Amino acid sequence: MIKQIKESTEYLQSKGFENPEVGIILGTGLGKLINEIEIIAEASYNHIPNFPTATVEFHKGKLIYGVLEGKKVVVMQGRFHVYEGYTLQDVTFPVRIMEKLGIKTLLVSNAAGAVNLDFKKGELMLIDDHINLQGGSPLAFKGVSELGERFADMSAPYDLEINSKFKSIANKNNITLHEGVYASVVGPQLETRAEYRMLKTIGADAVGMSTVPEIIVANHLGLKAAAVSVLTDECDPDNLKPVDIAEIIAMAGKAEPDMITLFKELIKSI
């Protein structure tokens, strides 16, 4: 993997990706942040050596480098998921590349279902902690200790200072920003009624199919990390209706302006 990381990093440096400060993973609900960036360089995933390729139709496949609120950023427009057939090492490979390029902070967005029924669809949730239900670890491979501490500490995987800033920005801009625990499952199927009940019992406030692997690797690499979920549906096991993917995408779009405000204001303050 060390050789692959070197090849990918050198390719992007040759394309003009120079010393970004912040890495951003754009999940469902933050695509239009790209319009706010002064783009300097970009690279399609399928042109970057050793990079996976996004296979989900509403996830683009580009790495973008530019300036946002005066800071150099590198942005993943489209992310990878275990449910696409990738390994946890594949899913998190781009985080390792962004760190090698120079980032010190990783910001992540995602779409999630609200398990906590006090939270409503269209609202945002700041992730305070997580439960890994993906059945593996992105650090479980031979030679991982050459890239960072094998037994990565996860006592505070989401940076407390960044989370405090997010809450302050939300207050100033009248944005509803819940705080809670995100459970990450494999997917791609949605949860059963019994699974939603289990998630609530074990302490999850929201459930999704991403983010946790990237956060684990960010901590492994010593990066500051934070993540915000767009709550796209309400997971009430006693009143469960068939899922409507179009509605989930529409809900993410509705919350997008608030998410963009949070990310822009945070980056300005870093």
# chains A, B, ... in the order shown; residues from 1 in each chain; ligands from 1
$ residues_around --residues "A:Thr92" --least-positions-apart "2" --cutoff "9 Å" --atoms "only C-alpha atoms" --output "PyMOL selection string"
chain A and resi 80+87-90+94-96+138+213-218
$ atom_distance --atom1 "atom CA of A:Phe93" --atom2 "atom CA of A:Tyr182"
21.6 Å
$ atom_distance --atom1 "atom CA of A:Ile169" --atom2 "atom CA of A:Ala226"
14.2 Å
$ select_by_dssp --residues "stretch 107-236 of chain A" --states "strand (DSSP E)" --output "JSON, numbers by chain"
{"A": [107, 108, 109, 110, 111, 112, 113, 114, 124, 125, 126, 127, 128, 129, 130, 131, 132, 133, 177, 178, 179, 180, 181, 182, 183, 184, 185, 206, 207, 208, 224, 225, 226, 227, 228, 229, 230, 231, 232, 233, 234]}
$ residues_around --residues "stretch 148-159 of chain A" --least-positions-apart "4" --cutoff "6 Å" --atoms "only C-alpha atoms" --output "list of chain:residue names"
A:His220, A:Leu221, A:Lys224, A:Ala225, A:Ala226
$ residues_around --residues "A:His130" --least-positions-apart "2" --cutoff "9 Å" --atoms "only C-alpha atoms" --output "ChimeraX atom specification"
/A:127-128,132,157,180-184,204,212
$ atom_distance --atom1 "atom CA of A:Asn174" --atom2 "atom CA of A:Glu161"
20.1 Å
$ residues_around --residues "A:Glu256" --least-positions-apart "2" --cutoff "10 Å" --atoms "only C-alpha atoms" --output "PyMOL selection string"
chain A and resi 28-33+122-124+230+250-254+258-262
$ residues_around --residues "A:Val115" --least-positions-apart "3" --cutoff "8 Å" --atoms "only C-alpha atoms" --output "short mmCIF file (atom, residue, chain, number, x, y, z; two decimals) with N, CA and C atoms, in the first residue's frame"
data_model
loop_
_atom_site.label_atom_id
_atom_site.label_comp_id
_atom_site.auth_asym_id
_atom_site.auth_seq_id
_atom_site.Cartn_x
_atom_site.Cartn_y
_atom_site.Cartn_z
N PHE A 119 -35.64 13.59 16.16
CA PHE A 119 -35.00 14.24 15.02
C PHE A 119 -35.91 14.06 13.80
N TYR A 196 -34.07 -1.54 13.20
CA TYR A 196 -34.22 -0.18 13.74
C TYR A 196 -34.39 -0.22 15.27
N LEU A 199 -30.98 -0.87 16.75
CA LEU A 199 -30.12 0.32 16.67
C LEU A 199 -30.46 1.32 17.78
N LYS A 200 -31.76 1.48 18.01
CA LYS A 200 -32.18 2.40 19.08
C LYS A 200 -31.72 1.87 20.44
N ALA A 204 -27.90 4.23 19.04
CA ALA A 204 -27.73 5.00 17.79
C ALA A 204 -28.84 6.04 17.66
N ASP A 205 -28.45 7.23 17.18
CA ASP A 205 -29.43 8.28 16.86
C ASP A 205 -29.71 8.34 15.36
N ALA A 206 -28.76 7.86 14.57
CA ALA A 206 -28.91 7.86 13.11
C ALA A 206 -28.15 6.68 12.55
N VAL A 207 -28.55 6.26 11.34
CA VAL A 207 -27.89 5.12 10.70
C VAL A 207 -27.60 5.43 9.24
N GLU A 234 -37.18 9.20 8.46
CA GLU A 234 -37.42 8.90 9.88
C GLU A 234 -37.69 7.41 10.04
N CYS A 235 -36.91 6.77 10.88
CA CYS A 235 -36.90 5.31 10.98
C CYS A 235 -37.74 4.85 12.16
N ASP A 236 -39.04 4.96 12.01
CA ASP A 236 -39.97 4.57 13.07
C ASP A 236 -40.45 3.15 12.81
#
$ residues_around --residues "stretch 46-51 of chain A" --least-positions-apart "3" --cutoff "12 Å" --atoms "only C-alpha atoms" --output "ChimeraX atom specification"
/A:1-15,42-43,54-55,60-63,76,79-80,86,89-97
$ closest_residue --among "A:Ile162, A:Leu107, A:Val74, A:Ile131" --to "A:Val185" --atoms "only C-alpha atoms"
A:Ile131
$ select_by_dssp --residues "stretch 127-268 of chain A" --states "alpha helix (DSSP H)" --output "VMD selection string"
chain A and resid 160 to 172 193 to 201 212 to 220 245 to 268
$ closest_residue --among "A:Ile39, A:Ile245, A:His81, A:Tyr65" --to "A:Phe17" --atoms "only C-alpha atoms"
A:Tyr65
$ closest_residue --among "A:Met125, A:Met198, A:Ser137, A:Thr192" --to "A:Ile175" --atoms "only C-alpha atoms"
A:Met125
$ closest_residue --among "A:Lys172, A:Arg193, A:His178, A:Lys165" --to "A:Phe263" --atoms "only C-alpha atoms"
A:Lys165
